[in-house]
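Visitor: Below you'll find coords13.txt; it's compact mmCIF, C-alpha atoms.
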```
# COMPACT_ATOMS: atom_id res chain seq x y z
CA MET A 11 -12.84 4.06 -5.79
CA ASN A 12 -9.07 4.66 -5.76
CA PHE A 13 -6.71 4.32 -2.82
CA GLN A 14 -6.96 7.92 -1.67
CA ALA A 15 -10.77 8.02 -1.96
CA THR A 16 -11.14 4.73 -0.09
CA ALA A 17 -8.81 5.80 2.71
CA LYS A 18 -10.60 9.15 3.03
CA HIS A 19 -14.03 7.46 3.18
CA GLU A 20 -12.92 4.96 5.84
CA THR A 21 -11.40 7.77 7.92
CA THR A 22 -14.63 9.78 7.73
CA VAL A 23 -16.78 6.78 8.65
CA LEU A 24 -14.62 5.95 11.66
CA ARG A 25 -14.65 9.61 12.78
CA VAL A 26 -18.47 9.73 12.67
CA LEU A 27 -18.91 6.43 14.49
CA LYS A 28 -16.44 7.36 17.23
CA PHE A 29 -18.23 10.70 17.66
CA LEU A 30 -21.58 8.96 18.11
CA GLN A 31 -20.04 6.37 20.43
CA LYS A 32 -19.54 9.11 23.03
CA SER A 33 -23.18 10.24 23.01
CA PRO A 34 -26.23 10.50 20.70
CA ALA A 35 -26.31 13.47 18.34
CA LYS A 36 -29.06 15.41 16.61
CA PRO A 37 -28.50 16.08 12.90
CA GLU A 38 -29.14 19.59 11.58
CA GLN A 39 -28.79 21.11 8.14
CA GLY A 40 -25.38 22.64 7.57
CA ALA A 41 -24.40 25.79 5.70
CA LYS A 42 -24.10 23.78 2.51
CA GLN A 43 -27.06 21.82 1.20
CA SER A 44 -25.08 18.58 1.09
CA MET A 45 -23.63 18.89 4.61
CA MET A 46 -25.09 18.02 8.01
CA ILE A 47 -24.05 19.08 11.52
CA LEU A 48 -24.17 16.50 14.31
CA ASN A 49 -24.77 18.24 17.63
CA SER A 50 -24.23 16.39 20.90
CA SER A 51 -23.18 17.06 24.48
CA ASN A 52 -19.59 16.45 23.34
CA GLY A 53 -19.59 19.08 20.61
CA ALA A 54 -20.44 19.19 16.93
CA LEU A 55 -19.25 17.37 13.85
CA SER A 56 -19.73 18.28 10.20
CA VAL A 57 -20.36 15.38 7.81
CA SER A 58 -21.92 14.92 4.40
CA GLU A 59 -25.56 13.92 4.21
CA GLU A 60 -24.59 11.15 1.79
CA CYS A 61 -22.29 9.60 4.39
CA LEU A 62 -24.99 9.61 7.08
CA VAL A 63 -27.59 8.10 4.76
CA ARG A 64 -25.19 5.36 3.75
CA LEU A 65 -24.26 4.54 7.37
CA ALA A 66 -27.94 4.39 8.35
CA ARG A 67 -28.82 2.22 5.36
CA GLU A 68 -26.02 -0.21 6.16
CA GLY A 69 -27.11 -0.52 9.79
CA TYR A 70 -24.35 1.39 11.59
CA LEU A 71 -26.69 4.11 12.87
CA LEU A 72 -30.07 4.12 14.62
CA VAL A 73 -32.61 6.88 15.26
CA ASP A 74 -34.04 7.09 18.79
CA LYS A 75 -37.34 8.57 19.96
CA LYS A 76 -35.82 12.04 20.21
CA GLN A 77 -34.80 11.87 16.54
CA GLN A 78 -31.19 11.59 17.58
CA LEU A 79 -28.64 9.40 15.86
CA THR A 80 -27.13 6.67 17.99
CA LEU A 81 -24.57 3.98 17.34
CA SER A 82 -25.87 0.48 16.67
CA GLN A 83 -24.12 -2.67 17.86
CA GLN A 84 -22.90 -3.13 14.32
CA GLY A 85 -21.27 0.28 14.54
CA VAL A 86 -19.62 -0.64 17.85
CA ASP A 87 -18.29 -3.86 16.32
CA TYR A 88 -16.93 -1.93 13.34
CA ILE A 89 -14.90 0.36 15.62
CA LYS A 90 -13.47 -2.65 17.47
CA LEU A 91 -12.60 -4.32 14.18
CA GLN A 92 -10.77 -1.27 12.89
CA LYS A 93 -8.63 -1.19 16.03
CA ASN A 94 -7.43 -4.75 15.54
CA LYS A 95 -7.51 -5.76 11.88
CA ASN A 96 -4.50 -3.75 10.79
CA ILE A 97 -2.21 -4.79 13.65
CA ALA A 98 0.18 -7.59 12.75
CA ASP A 99 3.19 -9.26 14.35
CA ILE A 100 6.26 -9.41 12.12
CA CYS A 101 9.29 -11.50 13.03
CA LEU A 102 12.57 -10.03 11.83
CA HIS A 103 15.82 -12.01 11.62
CA ASN A 104 18.03 -9.37 10.04
CA THR A 105 20.24 -8.96 13.10
CA GLY A 106 20.94 -12.64 13.66
CA LYS A 107 18.30 -13.25 16.32
CA ALA A 108 14.55 -13.11 16.14
CA LYS A 109 12.79 -9.87 16.94
CA VAL A 110 9.01 -9.59 16.91
CA ILE A 111 7.56 -6.15 16.24
CA LYS A 112 3.98 -4.92 15.91
CA VAL A 113 3.10 -2.89 12.85
CA ASN A 114 -0.02 -1.08 11.72
CA LEU A 115 -0.62 -2.17 8.14
CA ALA A 116 -3.03 0.72 7.60
CA GLU A 117 -0.16 3.12 8.21
CA SER A 118 2.49 1.45 6.08
CA PRO A 119 5.37 3.77 5.12
CA LEU A 120 4.43 3.29 1.47
CA ALA A 121 0.90 4.53 2.15
CA VAL A 122 2.30 7.49 4.07
CA LEU A 123 4.50 8.43 1.11
CA TYR A 124 1.53 8.06 -1.24
CA ARG A 125 -0.54 10.45 0.86
CA MET A 126 2.22 13.07 0.89
CA LYS A 127 1.74 16.03 -1.43
CA THR A 128 4.25 17.91 -3.53
CA SER A 129 4.32 21.70 -3.80
CA SER A 130 1.99 21.43 -6.82
CA GLY A 131 -0.58 19.46 -4.83
CA GLN A 132 0.14 16.13 -6.53
CA SER A 133 0.78 12.89 -4.64
CA PHE A 134 4.47 12.38 -3.93
CA LEU A 135 4.21 8.85 -5.35
CA THR A 136 2.27 8.17 -8.50
CA GLU A 137 -0.40 5.50 -8.41
CA SER A 138 1.81 3.32 -10.61
CA GLU A 139 4.71 3.59 -8.16
CA PHE A 140 2.47 2.84 -5.20
CA ASN A 141 0.95 -0.19 -6.91
CA ALA A 142 4.43 -1.48 -7.80
CA GLY A 143 5.41 -1.37 -4.13
CA GLU A 144 2.20 -3.12 -3.10
CA ARG A 145 2.80 -5.79 -5.73
CA LEU A 146 6.28 -6.42 -4.34
CA ARG A 147 4.89 -6.73 -0.80
CA SER A 148 2.17 -9.11 -2.03
CA ASP A 149 4.70 -11.43 -3.67
CA PHE A 150 6.97 -11.10 -0.65
CA THR A 151 4.14 -12.25 1.63
CA ARG A 152 2.92 -15.02 -0.70
CA GLY A 153 6.45 -16.35 -0.92
CA SER A 154 6.53 -16.77 2.89
CA MET A 155 9.67 -14.64 2.96
CA MET A 156 8.71 -12.43 5.88
CA PRO A 157 9.65 -14.62 8.89
CA ARG A 158 13.16 -15.60 7.77
CA ILE A 159 14.24 -13.04 5.23
CA THR A 160 17.73 -11.58 5.52
CA ALA A 161 19.45 -8.64 3.93
CA ASN A 162 21.60 -10.89 1.71
CA TRP A 163 20.01 -10.77 -1.72
CA GLU A 164 22.87 -12.61 -3.36
CA ALA A 165 21.73 -15.99 -2.04
CA ASN A 166 19.74 -18.16 -4.42
CA VAL A 167 15.99 -18.24 -3.77
CA ASN A 168 16.11 -22.03 -3.41
CA SER A 169 18.77 -21.97 -0.68
CA HIS A 170 17.72 -23.01 2.82
CA SER A 171 19.28 -19.90 4.35
CA ARG A 172 16.43 -17.78 3.10
CA GLY A 173 12.70 -17.89 3.61
CA ALA A 174 11.81 -21.38 4.77
CA LEU A 175 11.17 -21.97 8.44
CA HIS A 176 13.08 -25.26 8.27
CA GLY A 177 15.31 -26.74 5.63
CA SER A 178 13.02 -29.72 5.27
CA VAL A 179 9.95 -27.63 4.49
CA GLU A 180 9.16 -27.59 0.79
CA LEU A 181 7.60 -24.56 -0.79
CA SER A 182 4.37 -24.77 -2.71
CA ASP A 183 4.46 -23.91 -6.40
CA GLY A 184 2.68 -20.63 -5.69
CA ALA A 185 5.13 -19.62 -2.96
CA LEU A 186 8.13 -20.55 -5.09
CA SER A 187 6.75 -18.58 -8.03
CA ALA A 188 6.24 -15.57 -5.76
CA ARG A 189 9.83 -15.81 -4.55
CA LEU A 190 11.12 -15.96 -8.08
CA ARG A 191 9.07 -12.86 -8.96
CA VAL A 192 10.57 -11.04 -5.97
CA GLU A 193 14.06 -12.14 -7.00
CA LYS A 194 13.61 -10.87 -10.56
CA ALA A 195 12.06 -7.61 -9.39
CA LEU A 196 14.91 -6.85 -6.99
CA ASP A 197 17.51 -7.80 -9.61
CA ALA A 198 15.85 -5.33 -11.98
CA VAL A 199 16.03 -2.55 -9.38
CA GLY A 200 19.65 -3.31 -8.52
CA PRO A 201 21.54 -3.72 -5.24
CA GLU A 202 21.74 0.02 -4.58
CA LEU A 203 17.98 0.42 -3.99
CA SER A 204 16.51 -3.08 -3.64
CA GLY A 205 17.32 -3.37 0.07
CA ALA A 206 15.67 -0.04 0.83
CA LEU A 207 12.56 -1.07 -1.12
CA VAL A 208 12.30 -4.28 0.89
CA ASP A 209 12.65 -2.33 4.14
CA ILE A 210 9.91 0.15 3.21
CA CYS A 211 7.47 -2.05 1.27
CA CYS A 212 7.88 -5.41 3.00
CA PHE A 213 9.35 -4.86 6.48
CA LEU A 214 7.31 -1.63 6.82
CA LYS A 215 10.21 0.37 8.21
CA THR A 216 9.78 4.11 8.29
CA VAL A 217 11.74 6.45 6.06
CA SER A 218 13.68 7.79 9.05
CA GLN A 219 14.62 4.24 10.09
CA VAL A 220 15.97 3.49 6.63
CA GLU A 221 18.01 6.69 6.64
CA ALA A 222 19.45 5.98 10.08
CA GLU A 223 20.31 2.33 9.34
CA ARG A 224 21.92 3.11 5.98
CA LEU A 225 23.58 6.34 7.12
CA TRP A 226 21.79 8.30 4.40
CA PRO A 227 21.37 12.07 4.73
CA ALA A 228 18.13 13.25 6.31
CA ARG A 229 15.18 13.49 3.91
CA SER A 230 17.10 11.69 1.17
CA ALA A 231 15.36 8.32 1.45
CA LYS A 232 12.09 9.58 -0.03
CA MET A 233 13.62 10.33 -3.41
CA MET A 234 15.64 7.09 -3.35
CA ILE A 235 12.48 5.09 -2.66
CA LYS A 236 10.56 6.95 -5.36
CA THR A 237 13.34 6.20 -7.85
CA GLY A 238 13.37 2.53 -6.85
CA LEU A 239 9.58 2.27 -7.18
CA SER A 240 9.74 3.86 -10.63
CA MET A 241 12.30 1.23 -11.68
CA LEU A 242 10.13 -1.46 -10.13
CA HIS A 243 7.12 -0.25 -12.12
CA ARG A 244 9.12 -0.41 -15.36
CA HIS A 245 10.08 -3.98 -14.51
CA TYR A 246 6.44 -4.97 -13.97
CA HIS A 247 5.25 -3.05 -17.05
CA PRO A 248 8.07 -3.08 -19.61
CA VAL A 249 7.71 -0.84 -22.61
CA ALA A 250 7.40 -2.78 -25.86
CA LYS A 251 10.48 -2.21 -27.99
CA GLY A 252 9.71 -1.59 -31.65
CA ARG A 253 12.02 -1.54 -34.65
CA THR A 254 14.60 1.20 -34.19
CA SER A 255 16.20 1.07 -37.64
CA SER A 256 15.49 4.12 -39.78
CA GLY A 257 16.53 2.41 -43.02
CA ILE A 258 14.13 2.07 -45.94
CA LEU A 259 12.81 -1.44 -46.46
CA HIS A 260 11.80 -2.76 -49.87
CA TRP A 261 10.29 -6.15 -50.66
CA GLY A 262 11.49 -7.80 -53.86
CA ALA A 263 12.39 -11.11 -55.49
CA HIS A 264 15.76 -12.75 -54.87
CA ASP A 265 17.22 -11.42 -58.14
CA TYR A 266 15.57 -7.98 -57.85
CA ARG A 267 17.74 -5.05 -58.87
CA PRO A 268 16.65 -1.42 -58.53
CA ALA A 269 16.28 0.64 -61.71
CA LEU A 270 18.88 3.37 -62.11
```
Translate the structure described by the file into structure tokens.
Guide:
Amino acid sequence: MNFQATAKHETTVLRVLKFLQKSPAKPEQGAKQSMMILNSSNGALSVSEECLVRLAREGYLLVDKKQQLTLSQQGVDYIKLQKNKNIADICLHNTGKAKVIKVNLAESPLAVLYRMKTSSGQSFLTESEFNAGERLRSDFTRGSMMPRITANWEANVNSHSRGALHGSVELSDGALSARLRVEKALDAVGPELSGALVDICCFLKTVSQVEAERLWPARSAKMMIKTGLSMLHRHYHPVAKGRTSSGILHWGAHDYRPAL
């Protein structure tokens, strides 16, 4: 299941569970054979029969004596989990002093851009571009760069001014490797776009924030980010370079001479 399909399924599941949390509902056949209508005192909700069967099989739903669907304790716990699991505290030091902000990882700016549609109905970001951004964020997090990262990408990755909580703390091999991967990736993108990619993919700033902070024209950041992600993808998946010479090759002995 790809990113869009997974996100759509999770959204549907949460919508059904929240609907049943308000009151029990009686399922009825919908206009389409594959669809069901949940009727309750709080209204009606259309959902696929496959979704309901799956939720019941996995223990999120129960059937009471009136043949109504009710929410199980497992379903209640799932709703609580979804409210909390994607909330994270991020400590920023870009302005010289620490600032802790709360972000919803499920609504990362990169995911928002991926869900956007062009006029032709295609995703604004390709799956390759989205995955490149997620890969950068993964290395950024593994390298423990989030708490102390600054906007100065000219500093060496081994310097104490960047990343480590204290100068005496030594990085693990895995964290150091992740930092080196981030360094190479941002060098490949270049200084013009690397900072914006870090803001969007790693610091989870919104597109409008990036535009305001960098004094970019309104609605320009999307294309800049897309361009940067495309360059990032090419860095992660370089195209093999073959022989470009168009000359004719001929194998022969050292003293070989062509016949005239």
Visitor: Return the single residue from A:Leu242, A:Met46, A:Leu186, A:Leu65 that is closest to A:Ser204, with distances computed using all atoms listed in the file.
Guide: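 Using all atoms listed in the file, A:Ser204 sits closest to A:Leu242.
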Visitor: Which of these residues is nearest to A:Leu239, using only C-alpha atoms: A:Glu202, A:Glu139, A:Glu221, A:Asp87?
Guide: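 Checking each of A:Glu202, A:Glu139, A:Glu221, A:Asp87 against A:Leu239, counting only C-alpha atoms, the winner is A:Glu139.
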Visitor: Looking at all atoms listed in the file, which of A:Phe29, A:Tyr124, A:Tyr70, A:Tyr246 is the one that sits closest to A:Val57?
Guide: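 Distance minimum relative to A:Val57 lands on A:Phe29.
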Visitor: Separation of atom CA of A:Ser50 and atom CA of A:Glu38, in Å?
Guide: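 These two atoms are separated by 11.0 Å.
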Visitor: I'd like the interatomic distance between atom CA of A:Gly143 and atom CA of A:Thr128, to a tenth of an Å.
Guide: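 If I compute the distance from atom CA of A:Gly143 to atom CA of A:Thr128, I get 19.3 Å.
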Visitor: Any chance you could work out the axis-aligned box around stretch 235-240 of chain A, listed atoms only, 6 Å on each side, giving centre and edge lengths in Å to one decimal, as lines of an AutoDock Vina configuration file?
Guide:
```
center_x = 11.5
center_y = 4.6
center_z = -6.6
size_x = 15.8
size_y = 16.7
size_z = 20.0
```
Visitor: Using only C-alpha atoms, pick whichever of A:Arg267, A:Arg229, A:His243, A:Arg25 has the shortest atom-to-atom distance to A:Ile89.
Guide: A:Arg25
Visitor: Between atom CA of A:Gln84 and atom CA of A:Leu71, measure the distance and give it in Å to one decimal.
Guide: 8.3 Å
Visitor: Extract, using all atoms listed in the file, all DNA, RNA and protein residues at most 12 Å from A:Glu60, discarding same-chain residues fewer than 2 positions from it, and format them as a PyMOL selection string.
Guide: chain A and resi 19+22-23+43-46+57-58+62-67
Visitor: Could you check the closest approach to A:Lys232 for each of A:Glu137, A:Asp183, A:Leu123, A:Gly205 and tell me which residue wins, using all atoms listed in the file?
Guide: A:Leu123
Visitor: Considering only C-alpha atoms, state which residue in the set A:Ala206, A:Ala185, A:Ala269, A:Leu146 is at the smallest distance from A:Arg224.
Guide: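 Nearest candidate to A:Arg224 out of A:Ala206, A:Ala185, A:Ala269, A:Leu146: A:Ala206.
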